[in-house]
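Everything on this sheet refers to the single structure shown next.
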Amino acid sequence: MEIDLRGRDFLGLLDYSELEIRYLLDLAKYFKQLKKSKSPHRFLVNKNIVTIFEKDSTRTRCSFDVAAFDLGMGVTYLGPTGSQIGKKETIADTARVLCRMYEGIEYRGFSQELVEELAKYSSVPVWNGLTDKFHPTQMLADFLTMEENFGHLKGLELVFVGDIRNNSGNSLMVMSAKMGVNFTACGPKELWPDEDLLKTCREIAQKNGSTITVTDNLLEATKDKDAIYADVWLSMGDPPEEWEARINLLKSYQITKDILDNAKDSVIFLHALPSFHNQGTTIAQDIQKKFGISEMEVTDEVFESSHSKVFDEAENRMHTIKAVIYATIRD
Ligand code: CP
Ligand code: NVA
């Protein structure tokens, strides 16, 4: 069956089939080969995109920029300040203006409803660059990285540890269900995923021959796993006053060398980044001063180990985002 994603939004992955996701992963591999062999691929000249970031970003912003430049396109960046969005102009009006000028719109912001509103009023594709609920472009990079390491996805054992109801946790659960990966979400009960989303994902997983497990037992969850995934304990947009409570909830869920040793010998460590694995940032130093911990979701030893594939994963953001842009706005 020929896959045609032209004109489609990319908002949360629930509306994408396994075949459509497979198509995007294969297209990303093709673009990666072109990039590595320095073969020009300016397939979308005379098209332009706009990227809206209401939250900070390094990887996602740079990935959209480089992907667009490589495809021969123009890019406009709208940051948290400097545009009319949300202050003097509604999302609906913004969408109806931007789609008169651009072939695609990326949006990173707070609620999932906002990116869905943007898509509703835009006549060109809208791509979710992260909301509080989902981070779908990240998933393509994560699963491409797993496939590069293991040669396949179906039947792999993936565990996500930490704030398992955050955007990464939700999206990993959706993507695993769609791609037949056995997914375990491990964290304290206070942070367990939304029941409705869990039920939906379990139904999808069952059709695809995989399982979704939720547990608070770290040793059981990480036993014999192929991939261990961690994320920050407090996400962008979460109130900083919650650090203390979150640290208390999650400090026993840190990914250490012992946890890595509990998984398969071939285990890989994944993280969307940025990560608090050392004292190299102002926030990490502040946390150290206030709460006396020098590493958070992952130890520096694990982060820097040969099991860690986090920089391959970061690179894959660009190749996979290029695939999404191309597939949805090509002629
Ligand atoms: N992983 C990720 O989305 O990184 P940025 O916040 O730097 O875009
Ligand atoms: N959960 C993190 C993901 C960052 C890529 C956040 O939203 O801050």
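Ligands are numbered from 1 in the order shown, chains are lettered A, B, ... in the order of the structure tokens, and residues start at 1 in each chain.
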task: Quick one: everything within 7 Å of range 154-169 of chain A, counting only C-alpha atoms, minus sequence neighbours fewer than 5 positions away in the same chain. Send it as an MDAnalysis selection string.
output: chainID A and resid 131:135 179:187 191:194 210 221:222 225:231 233 250 253
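Inspection of the environment of ligand 1, which uses only C-alpha atoms and all ligand atoms and a cut-off of 7 Å, identifies the neighbouring residues as Asp56, Ser57, Thr58, Arg59, Thr60, Arg61, Leu130, Gln138, Ala272, Leu273 and Pro274 of chain A.
Nearest residue to ligand 2 among A:Glu147, A:Glu297, A:Asp9, A:Glu195 is A:Glu297, counting only C-alpha atoms and all ligand atoms.
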field: helix (DSSP H, G or I) positions in range 36-78 of chain A, given as a ChimeraX atom specification
entry: /A:36,59-70
The selected residues should be written to file as a tab-separated table (two decimals), in the first residue's frame (atoms: N, CA and C atoms).
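Ended up saving to again.tsv:
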```tsv
chain	number	residue	atom	x	y	z
A	36	LYS	N	24.69	11.73	5.27
A	36	LYS	CA	26.02	11.15	5.56
A	36	LYS	C	26.88	11.11	4.29
A	59	ARG	N	17.47	21.04	20.69
A	59	ARG	CA	17.38	20.00	19.65
A	59	ARG	C	16.24	20.23	18.66
A	60	THR	N	15.05	20.50	19.17
A	60	THR	CA	13.89	20.56	18.28
A	60	THR	C	14.00	21.75	17.35
A	61	ARG	N	14.39	22.89	17.91
A	61	ARG	CA	14.53	24.08	17.07
A	61	ARG	C	15.61	23.86	16.00
A	62	CYS	N	16.78	23.39	16.44
A	62	CYS	CA	17.88	23.20	15.47
A	62	CYS	C	17.53	22.13	14.44
A	63	SER	N	16.80	21.10	14.87
A	63	SER	CA	16.41	20.05	13.93
A	63	SER	C	15.48	20.59	12.84
A	64	PHE	N	14.49	21.38	13.25
A	64	PHE	CA	13.59	21.96	12.24
A	64	PHE	C	14.37	22.90	11.31
A	65	ASP	N	15.28	23.70	11.89
A	65	ASP	CA	16.06	24.63	11.05
A	65	ASP	C	16.92	23.87	10.05
A	66	VAL	N	17.73	22.94	10.54
A	66	VAL	CA	18.68	22.24	9.64
A	66	VAL	C	17.91	21.40	8.62
A	67	ALA	N	16.87	20.73	9.07
A	67	ALA	CA	16.07	19.91	8.15
A	67	ALA	C	15.52	20.79	7.03
A	68	ALA	N	14.98	21.95	7.40
A	68	ALA	CA	14.41	22.84	6.39
A	68	ALA	C	15.49	23.39	5.46
A	69	PHE	N	16.63	23.79	6.03
A	69	PHE	CA	17.73	24.31	5.18
A	69	PHE	C	18.17	23.23	4.20
A	70	ASP	N	18.36	22.00	4.69
A	70	ASP	CA	18.81	20.90	3.82
A	70	ASP	C	17.81	20.64	2.69
```
message: One decimal, in Å: what's the spacing between CA of Val174 in chain A and CA of Cys201 in chain A?
response: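 Between CA of Val174 in chain A and CA of Cys201 in chain A the gap is 5.7 Å.
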query: Hey, what's within 7 Å of range 316-325 of chain A if we count only C-alpha atoms and toss same-chain stuff fewer than 4 positions away? As a ChimeraX atom specification, please?
result: /A:24-25,27-28,31-32,63-64,67,137-138,140-141,312,329
task: Return the single residue from A:Thr145, A:Asn278, A:Asn217, A:Thr81 that is closest to Glu313 in chain A, with distances computed using only C-alpha atoms.
output: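 Smallest separation from Glu313 in chain A among the options: A:Thr145.
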query: Skipping near chain neighbours, those fewer than 6 positions away, what residues fall within 12 Å of Asp196 in chain A using only C-alpha atoms, listed as a PyMOL selection string?
result: chain A and resi 165+170+202-203
query: Near Gly82 in chain A, within 12 Å and counting only C-alpha atoms, which residues show up once chain neighbours fewer than 5 positions away are dropped, as a PyMOL selection string?
result: chain A and resi 52-54+77+87-88
Go ahead and write the residues just picked, N, CA and C atoms, as an mmCIF file, in the first residue's frame.
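What follows is the written file selection_26.cif:
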```
data_model
loop_
_atom_site.group_PDB
_atom_site.id
_atom_site.type_symbol
_atom_site.label_atom_id
_atom_site.label_comp_id
_atom_site.auth_asym_id
_atom_site.auth_seq_id
_atom_site.Cartn_x
_atom_site.Cartn_y
_atom_site.Cartn_z
ATOM 1 N N ILE A 52 7.194 27.889 15.964
ATOM 2 C CA ILE A 52 6.739 28.672 17.127
ATOM 3 C C ILE A 52 7.203 27.946 18.385
ATOM 4 N N PHE A 53 7.962 28.637 19.221
ATOM 5 C CA PHE A 53 8.452 28.032 20.472
ATOM 6 C C PHE A 53 8.024 28.893 21.653
ATOM 7 N N GLU A 54 7.021 28.409 22.395
ATOM 8 C CA GLU A 54 6.611 29.112 23.618
ATOM 9 C C GLU A 54 7.397 28.596 24.819
ATOM 10 N N TYR A 77 11.603 31.757 12.797
ATOM 11 C CA TYR A 77 11.464 31.343 14.203
ATOM 12 C C TYR A 77 10.683 32.399 14.978
ATOM 13 N N LYS A 87 -0.937 36.959 23.212
ATOM 14 C CA LYS A 87 -1.060 38.207 23.967
ATOM 15 C C LYS A 87 -2.135 39.088 23.303
ATOM 16 N N LYS A 88 -1.892 39.424 22.006
ATOM 17 C CA LYS A 88 -2.883 40.252 21.303
ATOM 18 C C LYS A 88 -3.653 39.453 20.271
#
```
field: Closest of A:Gln254, A:Ser266, A:Ser235, A:Thr299 to ligand 2 - atom-to-atom distances counting only C-alpha atoms and all ligand atoms
entry: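 Closest residue, counting only C-alpha atoms and all ligand atoms: A:Ser235.
Straight-line separation from CA of Lys199 in chain A to CA of Phe110 in chain A: 23.9 Å.
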query: So which residues touch range 89-105 of chain A within 9 Å, counting only C-alpha atoms, skipping near sequence neighbours fewer than 6 positions away, as a ChimeraX atom specification?
result: /A:47-52,114-115,117-128,325,328-329
Write the residues of the preceding selection, restricted to N, CA and C atoms, as a PDB file, in the first residue's frame.
```pdb
ATOM      1  N   LYS A  47       9.576  26.632  -0.728  1.00  0.00           N
ATOM      2  CA  LYS A  47       8.593  26.478   0.345  1.00  0.00           C
ATOM      3  C   LYS A  47       9.204  27.051   1.632  1.00  0.00           C
ATOM      4  N   ASN A  48       8.329  27.422   2.552  1.00  0.00           N
ATOM      5  CA  ASN A  48       8.779  28.032   3.819  1.00  0.00           C
ATOM      6  C   ASN A  48       7.991  27.463   4.990  1.00  0.00           C
ATOM      7  N   ILE A  49       8.667  27.377   6.143  1.00  0.00           N
ATOM      8  CA  ILE A  49       7.951  26.958   7.353  1.00  0.00           C
ATOM      9  C   ILE A  49       8.183  27.974   8.473  1.00  0.00           C
ATOM     10  N   VAL A  50       7.293  27.945   9.454  1.00  0.00           N
ATOM     11  CA  VAL A  50       7.454  28.793  10.635  1.00  0.00           C
ATOM     12  C   VAL A  50       7.499  27.887  11.858  1.00  0.00           C
ATOM     13  N   THR A  51       8.413  28.199  12.776  1.00  0.00           N
ATOM     14  CA  THR A  51       8.516  27.393  13.994  1.00  0.00           C
ATOM     15  C   THR A  51       8.193  28.298  15.191  1.00  0.00           C
ATOM     16  N   ILE A  52       7.194  27.889  15.964  1.00  0.00           N
ATOM     17  CA  ILE A  52       6.739  28.672  17.127  1.00  0.00           C
ATOM     18  C   ILE A  52       7.203  27.946  18.385  1.00  0.00           C
ATOM     19  N   LEU A 114      -3.878  23.594  22.598  1.00  0.00           N
ATOM     20  CA  LEU A 114      -3.442  24.739  21.786  1.00  0.00           C
ATOM     21  C   LEU A 114      -2.921  24.293  20.426  1.00  0.00           C
ATOM     22  N   VAL A 115      -2.122  23.222  20.415  1.00  0.00           N
ATOM     23  CA  VAL A 115      -1.593  22.767  19.119  1.00  0.00           C
ATOM     24  C   VAL A 115      -2.728  22.194  18.272  1.00  0.00           C
ATOM     25  N   GLU A 117      -5.831  23.285  18.401  1.00  0.00           N
ATOM     26  CA  GLU A 117      -6.562  24.471  17.930  1.00  0.00           C
ATOM     27  C   GLU A 117      -5.864  25.076  16.707  1.00  0.00           C
ATOM     28  N   LEU A 118      -4.545  25.162  16.803  1.00  0.00           N
ATOM     29  CA  LEU A 118      -3.755  25.687  15.678  1.00  0.00           C
ATOM     30  C   LEU A 118      -4.018  24.847  14.427  1.00  0.00           C
ATOM     31  N   ALA A 119      -4.007  23.545  14.592  1.00  0.00           N
ATOM     32  CA  ALA A 119      -4.212  22.635  13.456  1.00  0.00           C
ATOM     33  C   ALA A 119      -5.632  22.781  12.892  1.00  0.00           C
ATOM     34  N   LYS A 120      -6.575  22.978  13.796  1.00  0.00           N
ATOM     35  CA  LYS A 120      -7.972  23.094  13.360  1.00  0.00           C
ATOM     36  C   LYS A 120      -8.161  24.285  12.415  1.00  0.00           C
ATOM     37  N   TYR A 121      -7.474  25.388  12.722  1.00  0.00           N
ATOM     38  CA  TYR A 121      -7.672  26.605  11.932  1.00  0.00           C
ATOM     39  C   TYR A 121      -6.632  26.789  10.821  1.00  0.00           C
ATOM     40  N   SER A 122      -5.671  25.887  10.728  1.00  0.00           N
ATOM     41  CA  SER A 122      -4.631  26.025   9.705  1.00  0.00           C
ATOM     42  C   SER A 122      -4.956  25.130   8.514  1.00  0.00           C
ATOM     43  N   SER A 123      -4.752  25.656   7.317  1.00  0.00           N
ATOM     44  CA  SER A 123      -4.973  24.829   6.119  1.00  0.00           C
ATOM     45  C   SER A 123      -3.680  24.130   5.695  1.00  0.00           C
ATOM     46  N   VAL A 124      -2.569  24.374   6.434  1.00  0.00           N
ATOM     47  CA  VAL A 124      -1.316  23.666   6.141  1.00  0.00           C
ATOM     48  C   VAL A 124      -0.968  22.783   7.343  1.00  0.00           C
ATOM     49  N   PRO A 125      -0.110  21.755   7.147  1.00  0.00           N
ATOM     50  CA  PRO A 125       0.201  20.859   8.266  1.00  0.00           C
ATOM     51  C   PRO A 125       0.784  21.579   9.487  1.00  0.00           C
ATOM     52  N   VAL A 126       0.368  21.107  10.661  1.00  0.00           N
ATOM     53  CA  VAL A 126       0.905  21.595  11.938  1.00  0.00           C
ATOM     54  C   VAL A 126       1.628  20.431  12.604  1.00  0.00           C
ATOM     55  N   TRP A 127       2.860  20.689  13.073  1.00  0.00           N
ATOM     56  CA  TRP A 127       3.676  19.664  13.720  1.00  0.00           C
ATOM     57  C   TRP A 127       3.846  20.023  15.195  1.00  0.00           C
ATOM     58  N   ASN A 128       3.578  19.075  16.061  1.00  0.00           N
ATOM     59  CA  ASN A 128       3.736  19.283  17.508  1.00  0.00           C
ATOM     60  C   ASN A 128       5.204  19.105  17.897  1.00  0.00           C
ATOM     61  N   ILE A 325       8.594  16.665   7.866  1.00  0.00           N
ATOM     62  CA  ILE A 325       8.362  17.861   7.038  1.00  0.00           C
ATOM     63  C   ILE A 325       8.126  17.430   5.591  1.00  0.00           C
ATOM     64  N   THR A 328       4.840  15.432   4.768  1.00  0.00           N
ATOM     65  CA  THR A 328       3.555  16.122   4.928  1.00  0.00           C
ATOM     66  C   THR A 328       3.383  17.327   4.009  1.00  0.00           C
ATOM     67  N   ILE A 329       4.501  17.902   3.509  1.00  0.00           N
ATOM     68  CA  ILE A 329       4.283  19.101   2.666  1.00  0.00           C
ATOM     69  C   ILE A 329       4.852  18.982   1.262  1.00  0.00           C
TER      70      ILE A 329
END
```
Leaving out Tyr16 in chain A and any residue of its chain fewer than 5 positions from it, which residues lie within 12 Å of it when counting only C-alpha atoms, given as a PDB file with C-alpha atoms, in the first residue's frame?
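That gives us around_24.pdb:
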```pdb
ATOM      1  CA  ILE A   3       1.563   5.777   2.014  1.00  0.00           C
ATOM      2  CA  ASP A   4       0.624   9.391   1.345  1.00  0.00           C
ATOM      3  CA  LEU A   5       0.907  11.791   4.287  1.00  0.00           C
ATOM      4  CA  ARG A   8      -1.499  15.623   7.437  1.00  0.00           C
ATOM      5  CA  ASP A   9      -0.885  17.209  10.834  1.00  0.00           C
ATOM      6  CA  PHE A  10       1.551  15.509  13.230  1.00  0.00           C
ATOM      7  CA  LEU A  11       0.089  16.157  16.672  1.00  0.00           C
ATOM      8  CA  ILE A  21       5.036   5.468  11.241  1.00  0.00           C
ATOM      9  CA  ARG A  22       7.113   2.786   9.517  1.00  0.00           C
ATOM     10  CA  TYR A  23       7.102   4.939   6.363  1.00  0.00           C
ATOM     11  CA  LEU A  24       8.399   7.946   8.344  1.00  0.00           C
ATOM     12  CA  PRO A 136       5.691  12.959  19.001  1.00  0.00           C
ATOM     13  CA  VAL A 174       1.527   5.412  22.373  1.00  0.00           C
ATOM     14  CA  MET A 175       4.494   4.741  20.089  1.00  0.00           C
ATOM     15  CA  ALA A 177       1.705   0.266  21.370  1.00  0.00           C
ATOM     16  CA  LYS A 178       1.682   1.242  17.696  1.00  0.00           C
ATOM     17  CA  MET A 179       5.017  -0.429  16.886  1.00  0.00           C
ATOM     18  CA  ILE A 204      -3.708  -0.772  20.457  1.00  0.00           C
TER      19      ILE A 204
END
```
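Going from CA of Ser252 in chain A over to CA of Ser275 in chain A, you cover 17.0 Å.
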Using only C-alpha atoms: which of A:Gln288, A:Ser176, A:Thr256, A:Gln279 has the shortest distance to His307 in chain A: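 Under the stated criterion, the closest residue is A:Thr256.
Secondary structure from DSSP on the backbone puts strand (DSSP E) at the following positions of range 150-281 of chain A: Glu157, Leu158, Val159, Phe160, Val161, Asn182, Phe183, Thr184, Ala185, Cys186, Ile212, Thr213, Val214, Thr215, Ala227, Ile228, Tyr229, Ala230, Ile268, Phe269, Leu270 and His271 of chain A.
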Kindly save the residues from that selection, with N, CA and C atoms included, as a PDB file, in the first residue's frame.
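Writing the result to out-v6.pdb gives the following:
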```
ATOM      1  N   GLU A 157      11.970  -4.825  24.521  1.00  0.00           N
ATOM      2  CA  GLU A 157      11.502  -4.505  25.881  1.00  0.00           C
ATOM      3  C   GLU A 157      12.041  -3.133  26.264  1.00  0.00           C
ATOM      4  N   LEU A 158      11.123  -2.153  26.364  1.00  0.00           N
ATOM      5  CA  LEU A 158      11.505  -0.773  26.686  1.00  0.00           C
ATOM      6  C   LEU A 158      10.901  -0.385  28.031  1.00  0.00           C
ATOM      7  N   VAL A 159      11.718   0.217  28.900  1.00  0.00           N
ATOM      8  CA  VAL A 159      11.166   0.720  30.166  1.00  0.00           C
ATOM      9  C   VAL A 159      11.457   2.217  30.287  1.00  0.00           C
ATOM     10  N   PHE A 160      10.428   2.962  30.662  1.00  0.00           N
ATOM     11  CA  PHE A 160      10.579   4.400  30.932  1.00  0.00           C
ATOM     12  C   PHE A 160      10.446   4.596  32.440  1.00  0.00           C
ATOM     13  N   VAL A 161      11.426   5.281  33.036  1.00  0.00           N
ATOM     14  CA  VAL A 161      11.465   5.411  34.497  1.00  0.00           C
ATOM     15  C   VAL A 161      11.382   6.881  34.896  1.00  0.00           C
ATOM     16  N   ASN A 182       7.149  -3.961  23.688  1.00  0.00           N
ATOM     17  CA  ASN A 182       6.630  -4.182  25.053  1.00  0.00           C
ATOM     18  C   ASN A 182       7.110  -3.036  25.930  1.00  0.00           C
ATOM     19  N   PHE A 183       6.158  -2.286  26.490  1.00  0.00           N
ATOM     20  CA  PHE A 183       6.496  -1.055  27.201  1.00  0.00           C
ATOM     21  C   PHE A 183       6.162  -1.168  28.681  1.00  0.00           C
ATOM     22  N   THR A 184       7.138  -0.817  29.514  1.00  0.00           N
ATOM     23  CA  THR A 184       6.910  -0.740  30.954  1.00  0.00           C
ATOM     24  C   THR A 184       7.115   0.705  31.398  1.00  0.00           C
ATOM     25  N   ALA A 185       6.153   1.239  32.144  1.00  0.00           N
ATOM     26  CA  ALA A 185       6.282   2.567  32.737  1.00  0.00           C
ATOM     27  C   ALA A 185       6.511   2.355  34.225  1.00  0.00           C
ATOM     28  N   CYS A 186       7.615   2.892  34.737  1.00  0.00           N
ATOM     29  CA  CYS A 186       7.963   2.639  36.142  1.00  0.00           C
ATOM     30  C   CYS A 186       8.149   3.942  36.901  1.00  0.00           C
ATOM     31  N   ILE A 212       1.597  -3.386  27.700  1.00  0.00           N
ATOM     32  CA  ILE A 212       1.899  -2.144  28.431  1.00  0.00           C
ATOM     33  C   ILE A 212       1.778  -2.474  29.912  1.00  0.00           C
ATOM     34  N   THR A 213       2.850  -2.264  30.658  1.00  0.00           N
ATOM     35  CA  THR A 213       2.860  -2.574  32.095  1.00  0.00           C
ATOM     36  C   THR A 213       3.169  -1.296  32.871  1.00  0.00           C
ATOM     37  N   VAL A 214       2.475  -1.085  33.986  1.00  0.00           N
ATOM     38  CA  VAL A 214       2.776   0.059  34.851  1.00  0.00           C
ATOM     39  C   VAL A 214       3.117  -0.483  36.230  1.00  0.00           C
ATOM     40  N   THR A 215       4.234  -0.042  36.784  1.00  0.00           N
ATOM     41  CA  THR A 215       4.680  -0.576  38.078  1.00  0.00           C
ATOM     42  C   THR A 215       5.462   0.490  38.840  1.00  0.00           C
ATOM     43  N   ALA A 227      16.055  -1.617  26.509  1.00  0.00           N
ATOM     44  CA  ALA A 227      16.293  -0.166  26.525  1.00  0.00           C
ATOM     45  C   ALA A 227      15.703   0.444  27.791  1.00  0.00           C
ATOM     46  N   ILE A 228      16.506   1.270  28.455  1.00  0.00           N
ATOM     47  CA  ILE A 228      16.044   2.011  29.636  1.00  0.00           C
ATOM     48  C   ILE A 228      16.026   3.490  29.265  1.00  0.00           C
ATOM     49  N   TYR A 229      14.881   4.137  29.521  1.00  0.00           N
ATOM     50  CA  TYR A 229      14.680   5.531  29.096  1.00  0.00           C
ATOM     51  C   TYR A 229      14.387   6.366  30.338  1.00  0.00           C
ATOM     52  N   ALA A 230      15.111   7.465  30.499  1.00  0.00           N
ATOM     53  CA  ALA A 230      14.828   8.378  31.613  1.00  0.00           C
ATOM     54  C   ALA A 230      14.559   9.777  31.060  1.00  0.00           C
ATOM     55  N   ILE A 268      20.538  -0.506  26.061  1.00  0.00           N
ATOM     56  CA  ILE A 268      20.928   0.870  25.724  1.00  0.00           C
ATOM     57  C   ILE A 268      20.186   1.829  26.651  1.00  0.00           C
ATOM     58  N   PHE A 269      20.835   2.962  26.919  1.00  0.00           N
ATOM     59  CA  PHE A 269      20.212   4.008  27.731  1.00  0.00           C
ATOM     60  C   PHE A 269      19.795   5.149  26.803  1.00  0.00           C
ATOM     61  N   LEU A 270      18.553   5.565  26.946  1.00  0.00           N
ATOM     62  CA  LEU A 270      18.011   6.655  26.124  1.00  0.00           C
ATOM     63  C   LEU A 270      17.499   7.800  27.002  1.00  0.00           C
ATOM     64  N   HIS A 271      17.525   8.999  26.457  1.00  0.00           N
ATOM     65  CA  HIS A 271      17.043  10.194  27.171  1.00  0.00           C
ATOM     66  C   HIS A 271      16.805  11.265  26.118  1.00  0.00           C
TER      67      HIS A 271
END
```
- request: Go through A:Tyr326, A:Phe143, A:Phe276, A:Phe291 one by one, measure the shortest atom-to-atom distance of each to ligand 2 using only C-alpha atoms and all ligand atoms, and give the residue with the smallest value.
  value: A:Phe276
field: Nearest residue to ligand 2 from the set A:Leu249, A:Ala314, A:Val267, A:Ile259 (distances using only C-alpha atoms and all ligand atoms)
entry: A:Ala314
